[in-house]
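Here's upload_33.pdb, which has PDB, C-alpha atoms, pLDDT in the B column:
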```
ATOM      1  CA  MET A  30      13.124  60.296  27.448  1.00 47.00           C
ATOM      2  CA  ASN A  31      11.483  61.072  24.086  1.00 70.00           C
ATOM      3  CA  LEU A  32      13.243  62.638  21.138  1.00 66.00           C
ATOM      4  CA  VAL A  33      12.030  66.190  21.769  1.00 66.00           C
ATOM      5  CA  ASP A  34      13.138  66.054  25.407  1.00 74.00           C
ATOM      6  CA  TRP A  35      16.550  64.736  24.375  1.00 76.00           C
ATOM      7  CA  VAL A  36      17.111  67.491  21.795  1.00 74.00           C
ATOM      8  CA  THR A  37      15.788  70.129  24.214  1.00 74.00           C
ATOM      9  CA  ASP A  38      18.222  69.001  26.906  1.00 79.00           C
ATOM     10  CA  LEU A  39      21.027  68.910  24.331  1.00 78.00           C
ATOM     11  CA  MET A  40      20.373  72.503  23.302  1.00 80.00           C
ATOM     12  CA  HIS A  41      20.023  73.692  26.869  1.00 77.00           C
ATOM     13  CA  ALA A  42      23.272  71.981  27.836  1.00 80.00           C
ATOM     14  CA  LEU A  43      25.380  72.919  24.806  1.00 82.00           C
ATOM     15  CA  GLY A  44      23.478  75.816  23.271  1.00 82.00           C
ATOM     16  CA  ALA A  45      23.800  76.279  19.510  1.00 85.00           C
ATOM     17  CA  PRO A  46      26.511  73.574  19.173  1.00 88.00           C
ATOM     18  CA  GLY A  47      23.940  71.138  20.606  1.00 86.00           C
ATOM     19  CA  ALA A  48      21.575  72.067  17.785  1.00 85.00           C
ATOM     20  CA  ALA A  49      24.424  71.480  15.312  1.00 88.00           C
ATOM     21  CA  LEU A  50      25.033  68.024  16.765  1.00 88.00           C
ATOM     22  CA  ALA A  51      21.334  67.149  16.484  1.00 85.00           C
ATOM     23  CA  ILE A  52      21.235  68.210  12.828  1.00 86.00           C
ATOM     24  CA  ALA A  53      24.462  66.366  12.004  1.00 87.00           C
ATOM     25  CA  LEU A  54      22.900  63.195  13.425  1.00 83.00           C
ATOM     26  CA  GLU A  55      19.722  63.876  11.426  1.00 79.00           C
ATOM     27  CA  ASN A  56      21.817  63.920   8.265  1.00 78.00           C
ATOM     28  CA  LEU A  57      23.438  60.604   9.129  1.00 78.00           C
ATOM     29  CA  PHE A  58      20.190  58.942  10.228  1.00 76.00           C
ATOM     30  CA  PRO A  59      17.363  60.260   7.991  1.00 63.00           C
ATOM     31  CA  PRO A  60      14.525  58.931  10.211  1.00 62.00           C
ATOM     32  CA  LEU A  61      15.519  61.623  12.727  1.00 67.00           C
ATOM     33  CA  PRO A  62      13.276  64.579  11.808  1.00 71.00           C
ATOM     34  CA  SER A  63      14.802  67.968  11.013  1.00 74.00           C
ATOM     35  CA  GLU A  64      11.240  69.302  10.907  1.00 77.00           C
ATOM     36  CA  VAL A  65      11.267  68.805  14.692  1.00 78.00           C
ATOM     37  CA  PHE A  66      14.863  69.779  15.479  1.00 81.00           C
ATOM     38  CA  LEU A  67      14.985  73.023  13.497  1.00 86.00           C
ATOM     39  CA  PRO A  68      11.733  74.656  14.713  1.00 86.00           C
ATOM     40  CA  LEU A  69      12.715  73.592  18.238  1.00 84.00           C
ATOM     41  CA  ALA A  70      16.030  75.402  17.756  1.00 86.00           C
ATOM     42  CA  GLY A  71      14.078  78.481  16.688  1.00 87.00           C
ATOM     43  CA  PHE A  72      11.838  78.231  19.751  1.00 86.00           C
ATOM     44  CA  THR A  73      14.904  77.813  21.972  1.00 85.00           C
ATOM     45  CA  ALA A  74      16.378  80.970  20.394  1.00 87.00           C
ATOM     46  CA  ALA A  75      13.122  82.828  21.070  1.00 87.00           C
ATOM     47  CA  GLN A  76      13.509  81.877  24.738  1.00 85.00           C
ATOM     48  CA  GLY A  77      16.931  83.524  24.780  1.00 84.00           C
ATOM     49  CA  LYS A  78      18.890  80.274  25.214  1.00 81.00           C
ATOM     50  CA  MET A  79      20.859  81.066  22.039  1.00 86.00           C
ATOM     51  CA  SER A  80      20.835  83.818  19.440  1.00 90.00           C
ATOM     52  CA  LEU A  81      18.873  83.412  16.223  1.00 90.00           C
ATOM     53  CA  PHE A  82      22.067  83.904  14.207  1.00 93.00           C
ATOM     54  CA  ASP A  83      23.871  81.207  16.189  1.00 91.00           C
ATOM     55  CA  ALA A  84      20.971  78.779  15.724  1.00 90.00           C
ATOM     56  CA  ILE A  85      21.058  79.212  11.942  1.00 93.00           C
ATOM     57  CA  ALA A  86      24.852  79.239  11.645  1.00 94.00           C
ATOM     58  CA  TRP A  87      25.456  76.220  13.864  1.00 93.00           C
ATOM     59  CA  THR A  88      22.687  74.055  12.395  1.00 92.00           C
ATOM     60  CA  THR A  89      23.995  74.819   8.899  1.00 94.00           C
ATOM     61  CA  LEU A  90      27.453  73.784  10.072  1.00 94.00           C
ATOM     62  CA  GLY A  91      25.934  70.572  11.458  1.00 92.00           C
ATOM     63  CA  SER A  92      24.211  69.902   8.117  1.00 91.00           C
ATOM     64  CA  VAL A  93      27.470  70.337   6.219  1.00 93.00           C
ATOM     65  CA  ALA A  94      29.380  68.134   8.684  1.00 93.00           C
ATOM     66  CA  GLY A  95      26.839  65.315   8.362  1.00 90.00           C
ATOM     67  CA  ALA A  96      26.801  65.618   4.566  1.00 89.00           C
ATOM     68  CA  LEU A  97      30.603  65.550   4.449  1.00 92.00           C
ATOM     69  CA  LEU A  98      30.722  62.298   6.420  1.00 90.00           C
ATOM     70  CA  LEU A  99      28.271  60.693   3.972  1.00 87.00           C
ATOM     71  CA  TYR A 100      30.296  62.079   1.059  1.00 90.00           C
ATOM     72  CA  TRP A 101      33.334  60.208   2.385  1.00 90.00           C
ATOM     73  CA  VAL A 102      31.221  57.040   2.750  1.00 86.00           C
ATOM     74  CA  GLY A 103      30.421  57.284  -0.958  1.00 85.00           C
ATOM     75  CA  ALA A 104      34.032  58.098  -1.839  1.00 86.00           C
ATOM     76  CA  SER A 105      35.214  55.073   0.170  1.00 87.00           C
ATOM     77  CA  LEU A 106      32.779  52.798  -1.662  1.00 83.00           C
ATOM     78  CA  GLY A 107      33.854  54.038  -5.078  1.00 79.00           C
ATOM     79  CA  ARG A 108      32.232  53.567  -8.464  1.00 76.00           C
ATOM     80  CA  GLU A 109      33.527  50.054  -9.187  1.00 77.00           C
ATOM     81  CA  ARG A 110      32.511  48.691  -5.802  1.00 79.00           C
ATOM     82  CA  VAL A 111      29.001  50.106  -6.225  1.00 72.00           C
ATOM     83  CA  ARG A 112      28.792  48.406  -9.627  1.00 72.00           C
ATOM     84  CA  ARG A 113      29.899  45.086  -8.116  1.00 74.00           C
ATOM     85  CA  ILE A 114      27.312  45.405  -5.359  1.00 69.00           C
ATOM     86  CA  ALA A 115      24.602  46.201  -7.910  1.00 63.00           C
ATOM     87  CA  ALA A 116      25.585  43.156  -9.990  1.00 65.00           C
ATOM     88  CA  ARG A 117      24.896  40.897  -6.991  1.00 70.00           C
ATOM     89  CA  MET A 118      21.552  42.459  -6.074  1.00 64.00           C
ATOM     90  CA  PRO A 119      18.345  40.795  -7.294  1.00 59.00           C
ATOM     91  CA  LEU A 120      16.352  42.766  -9.880  1.00 55.00           C
ATOM     92  CA  VAL A 121      19.117  45.394 -10.154  1.00 57.00           C
ATOM     93  CA  ARG A 122      21.326  45.705 -13.200  1.00 63.00           C
ATOM     94  CA  VAL A 123      24.662  47.386 -13.640  1.00 61.00           C
ATOM     95  CA  SER A 124      22.997  49.439 -16.385  1.00 62.00           C
ATOM     96  CA  ASP A 125      20.746  50.938 -13.679  1.00 58.00           C
ATOM     97  CA  VAL A 126      23.862  52.218 -11.951  1.00 63.00           C
ATOM     98  CA  ASP A 127      25.190  53.572 -15.245  1.00 65.00           C
ATOM     99  CA  ARG A 128      21.951  55.472 -15.929  1.00 69.00           C
ATOM    100  CA  THR A 129      21.914  56.871 -12.393  1.00 68.00           C
ATOM    101  CA  GLU A 130      25.535  57.903 -12.776  1.00 71.00           C
ATOM    102  CA  ALA A 131      24.825  59.634 -16.087  1.00 74.00           C
ATOM    103  CA  TRP A 132      21.880  61.503 -14.546  1.00 72.00           C
ATOM    104  CA  PHE A 133      23.983  62.582 -11.576  1.00 75.00           C
ATOM    105  CA  LEU A 134      26.801  63.792 -13.797  1.00 75.00           C
ATOM    106  CA  ARG A 135      24.296  66.006 -15.640  1.00 79.00           C
ATOM    107  CA  ASN A 136      22.450  67.262 -12.564  1.00 77.00           C
ATOM    108  CA  GLY A 137      24.854  66.729  -9.669  1.00 80.00           C
ATOM    109  CA  TYR A 138      25.191  70.291  -8.406  1.00 86.00           C
ATOM    110  CA  ARG A 139      21.466  70.997  -8.753  1.00 86.00           C
ATOM    111  CA  ALA A 140      20.705  67.694  -7.025  1.00 84.00           C
ATOM    112  CA  VAL A 141      22.958  68.575  -4.092  1.00 87.00           C
ATOM    113  CA  PHE A 142      21.479  72.083  -3.726  1.00 90.00           C
ATOM    114  CA  PHE A 143      17.779  71.252  -4.060  1.00 85.00           C
ATOM    115  CA  GLY A 144      18.220  67.869  -2.408  1.00 80.00           C
ATOM    116  CA  ARG A 145      19.058  69.616   0.867  1.00 84.00           C
ATOM    117  CA  MET A 146      15.408  70.701   1.014  1.00 80.00           C
ATOM    118  CA  ILE A 147      13.853  67.283   0.320  1.00 77.00           C
ATOM    119  CA  PRO A 148      13.302  64.901   3.273  1.00 72.00           C
ATOM    120  CA  VAL A 149      15.453  61.720   3.257  1.00 70.00           C
ATOM    121  CA  PHE A 150      16.975  62.673  -0.124  1.00 75.00           C
ATOM    122  CA  ARG A 151      18.967  65.441   1.563  1.00 76.00           C
ATOM    123  CA  SER A 152      21.001  62.766   3.341  1.00 74.00           C
ATOM    124  CA  LEU A 153      21.232  60.231   0.532  1.00 77.00           C
ATOM    125  CA  VAL A 154      22.380  62.688  -2.151  1.00 83.00           C
ATOM    126  CA  SER A 155      25.767  63.059  -0.451  1.00 84.00           C
ATOM    127  CA  ILE A 156      26.626  59.404  -1.091  1.00 83.00           C
ATOM    128  CA  PRO A 157      26.497  59.468  -4.927  1.00 84.00           C
ATOM    129  CA  ALA A 158      28.322  62.787  -4.782  1.00 86.00           C
ATOM    130  CA  GLY A 159      31.117  60.951  -2.992  1.00 86.00           C
ATOM    131  CA  VAL A 160      30.961  57.939  -5.297  1.00 85.00           C
ATOM    132  CA  GLU A 161      31.407  60.241  -8.301  1.00 84.00           C
ATOM    133  CA  ARG A 162      34.105  62.199  -6.463  1.00 86.00           C
ATOM    134  CA  MET A 163      32.321  65.489  -7.079  1.00 87.00           C
ATOM    135  CA  ARG A 164      34.773  68.322  -6.506  1.00 89.00           C
ATOM    136  CA  LEU A 165      34.752  68.929  -2.777  1.00 91.00           C
ATOM    137  CA  ALA A 166      34.643  72.731  -2.761  1.00 93.00           C
ATOM    138  CA  PRO A 167      31.502  73.019  -4.951  1.00 91.00           C
ATOM    139  CA  PHE A 168      29.894  70.127  -3.072  1.00 92.00           C
ATOM    140  CA  LEU A 169      30.394  71.932   0.226  1.00 93.00           C
ATOM    141  CA  ALA A 170      29.236  75.255  -1.241  1.00 94.00           C
ATOM    142  CA  TYR A 171      25.994  73.848  -2.689  1.00 92.00           C
ATOM    143  CA  THR A 172      25.378  71.799   0.450  1.00 92.00           C
ATOM    144  CA  ALA A 173      25.851  74.856   2.653  1.00 94.00           C
ATOM    145  CA  ALA A 174      23.624  77.039   0.443  1.00 94.00           C
ATOM    146  CA  GLY A 175      20.766  74.523   0.314  1.00 92.00           C
ATOM    147  CA  SER A 176      21.059  73.748   4.018  1.00 92.00           C
ATOM    148  CA  LEU A 177      21.107  77.447   4.889  1.00 93.00           C
ATOM    149  CA  LEU A 178      17.794  78.029   3.086  1.00 92.00           C
ATOM    150  CA  TRP A 179      16.099  74.991   4.622  1.00 90.00           C
ATOM    151  CA  ASN A 180      17.418  75.570   8.126  1.00 91.00           C
ATOM    152  CA  THR A 181      16.641  79.291   8.096  1.00 93.00           C
ATOM    153  CA  ALA A 182      13.045  78.745   6.995  1.00 90.00           C
ATOM    154  CA  LEU A 183      12.280  76.162   9.694  1.00 89.00           C
ATOM    155  CA  ILE A 184      14.191  77.947  12.454  1.00 91.00           C
ATOM    156  CA  LEU A 185      12.442  81.249  11.701  1.00 90.00           C
ATOM    157  CA  ALA A 186       9.091  79.475  11.718  1.00 89.00           C
ATOM    158  CA  GLY A 187       9.812  78.011  15.160  1.00 87.00           C
ATOM    159  CA  TYR A 188      11.113  81.371  16.376  1.00 88.00           C
ATOM    160  CA  LEU A 189       8.004  83.262  15.240  1.00 87.00           C
ATOM    161  CA  LEU A 190       5.489  80.628  16.339  1.00 86.00           C
ATOM    162  CA  GLY A 191       6.904  80.404  19.865  1.00 79.00           C
ATOM    163  CA  ASP A 192       4.982  77.880  21.948  1.00 77.00           C
ATOM    164  CA  ASN A 193       3.260  76.671  18.780  1.00 79.00           C
ATOM    165  CA  TRP A 194       6.555  75.684  17.131  1.00 73.00           C
ATOM    166  CA  HIS A 195       5.299  72.100  16.843  1.00 72.00           C
ATOM    167  CA  LEU A 196       2.858  73.220  14.114  1.00 72.00           C
ATOM    168  CA  VAL A 197       5.821  73.363  11.741  1.00 68.00           C
ATOM    169  CA  GLU A 198       6.361  69.630  12.175  1.00 67.00           C
ATOM    170  CA  GLN A 199       2.717  68.913  11.376  1.00 64.00           C
ATOM    171  CA  TYR A 200       2.836  70.656   8.005  1.00 61.00           C
ATOM    172  CA  VAL A 201       6.406  69.919   6.973  1.00 61.00           C
ATOM    173  CA  GLY A 202       6.017  66.366   8.286  1.00 59.00           C
ATOM    174  CA  LEU A 203       3.099  65.932   5.897  1.00 58.00           C
ATOM    175  CA  GLY A 204       5.430  66.829   3.042  1.00 55.00           C
ATOM    176  CA  SER A 205       7.930  64.253   4.308  1.00 59.00           C
ATOM    177  CA  LYS A 206       5.239  61.578   4.297  1.00 60.00           C
ATOM    178  CA  VAL A 207       4.294  62.489   0.735  1.00 57.00           C
ATOM    179  CA  VAL A 208       7.922  62.180  -0.394  1.00 55.00           C
ATOM    180  CA  LEU A 209       8.310  58.815   1.342  1.00 57.00           C
ATOM    181  CA  GLY A 210       5.017  57.637  -0.137  1.00 60.00           C
ATOM    182  CA  LEU A 211       6.108  58.573  -3.655  1.00 57.00           C
ATOM    183  CA  ALA A 212       9.443  56.830  -3.097  1.00 53.00           C
ATOM    184  CA  ALA A 213       7.635  53.679  -1.940  1.00 58.00           C
ATOM    185  CA  VAL A 214       5.390  53.760  -5.019  1.00 63.00           C
ATOM    186  CA  ALA A 215       8.436  54.181  -7.272  1.00 52.00           C
ATOM    187  CA  VAL A 216      10.106  51.140  -5.646  1.00 52.00           C
ATOM    188  CA  VAL A 217       6.972  49.024  -6.095  1.00 58.00           C
ATOM    189  CA  VAL A 218       6.645  50.065  -9.750  1.00 54.00           C
ATOM    190  CA  PHE A 219      10.336  49.276 -10.329  1.00 45.00           C
ATOM    191  CA  VAL A 220      10.051  45.808  -8.746  1.00 52.00           C
ATOM    192  CA  VAL A 221       6.814  44.909 -10.562  1.00 55.00           C
ATOM    193  CA  THR A 222       8.181  46.113 -13.902  1.00 58.00           C
ATOM    194  CA  ARG A 223      11.471  44.286 -13.498  1.00 52.00           C
ATOM    195  CA  VAL A 224       9.810  41.021 -12.353  1.00 58.00           C
ATOM    196  CA  SER A 225       7.303  41.158 -15.234  1.00 61.00           C
ATOM    197  CA  LYS A 226      10.082  41.702 -17.772  1.00 60.00           C
ATOM    198  CA  ARG A 227      12.129  38.852 -16.302  1.00 57.00           C
ATOM    199  CA  ARG A 228       9.146  36.500 -16.570  1.00 62.00           C
ATOM    200  CA  ALA A 229       8.488  37.607 -20.145  1.00 63.00           C
ATOM    201  CA  ASP A 230      12.137  36.963 -21.060  1.00 59.00           C
ATOM    202  CA  THR A 231      11.979  33.519 -19.420  1.00 66.00           C
ATOM    203  CA  ASN A 232       8.812  32.528 -21.285  1.00 63.00           C
ATOM    204  CA  ALA A 233      10.050  33.871 -24.610  1.00 59.00           C
TER     205      ALA A 233
END
```
Before we go any further, please render this structure as structure tokens.
Amino acid sequence: MNLVDWVTDLMHALGAPGAALAIALENLFPPLPSEVFLPLAGFTAAQGKMSLFDAIAWTTLGSVAGALLLYWVGASLGRERVRRIAARMPLVRVSDVDRTEAWFLRNGYRAVFFGRMIPVFRSLVSIPAGVERMRLAPFLAYTAAGSLLWNTALILAGYLLGDNWHLVEQYVGLGSKVVLGLAAVAVVVFVVTRVSKRRADTNA
């Protein structure tokens, strides 16, 4: 059974709570595509298998539940443990963690809100929020607000497109590929820069 069939059966069996479960799993495992799940939920609502309101409300609840679990993963790790892990990683310095922490402290709430609309990042942003022990109530509020916008847009698109709901995945999926491509380029640049500097320091 492919992914679409599995999610379709889940929604038919459980209704809107099935859509919430699919989105919660998407948050925990970023390779699972919300750009497929959400338009499919909209299409399912258009077929009368659930109401449009329920589709949006339940998927937003699923997004918040998944984000909350990742928040607690970050909180369990804690700042000092993350620093110790970074100190053991090749090419990574504790100062990198400090700079990331400083950036997150300045932009944390904006990062949580807008991050909910960026593929892959929408899952990962919950972990540093937990590491920094961001106040839980604002974290949940910004997560819910960002998720509500993202989920509503994709669910409405699937609802209005009907049998052509899969077109949403084609266009939004392209955006996901661009984000992943930029992330890959950033990693390569980081590694090359760090290796070059290490060699220069060794030869100095």
**Item:** Resolved residues for the PyMOL selection byres ((chain A and resi 37-43) around 12) as a PyMOL selection string
**Value:** chain A and resi 30-36+44-52+65-74+76-80+83-84+87-88
**Point-to-point distance from CA of Gly103 (chain A) to CA of Leu165 (chain A), Å rounded to tenths** =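 If I compute the distance from CA of Gly103 (chain A) to CA of Leu165 (chain A), I get 12.6 Å.
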**Item:** Using only C-alpha atoms: which of A:Ser92, A:Glu64, A:Ala131, A:Glu55 has the shortest distance to Leu196 (chain A)
**Value:**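 Checking each of A:Ser92, A:Glu64, A:Ala131, A:Glu55 against Leu196 (chain A), counting only C-alpha atoms, the winner is A:Glu64.
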**Message:** What's the separation between CA of Ala182 (chain A) and CA of Leu81 (chain A), in Å to one decimal place?
**Reply:**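 For CA of Ala182 (chain A) relative to CA of Leu81 (chain A), the distance reads 11.9 Å.
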**Neighbours of point (30.2, 55.2, -4.4) within 7 Å, using only C-alpha atoms, written as JSON, numbers by chain** = {"A": [103, 104, 105, 106, 107, 108, 111, 156, 157, 159, 160, 161]}
**Message:** Would you pick out the contacts of region 173-177 of chain A at 9 Å or less, using only C-alpha atoms, so that residues sharing its chain but fewer than 2 positions from it are not included, and give the list as a ChimeraX atom specification?
**Reply:** /A:85-86,88-90,92-93,141-146,151,168-171,179-182
Box dimensions and centre (Å, one decimal) enclosing region 33-38 of chain A, axis-aligned, 3 Å extra per side, as AutoDock Vina command-line options:
```
--center_x 15.1 --center_y 67.4 --center_z 24.3 --size_x 12.2 --size_y 11.4 --size_z 11.1
```
**Complete:** Of A:Glu109, A:Phe150, A:Ala75, A:Gly137, the one sitting nearest Leu57 (chain A) when using all atoms listed in the file is A:Phe150
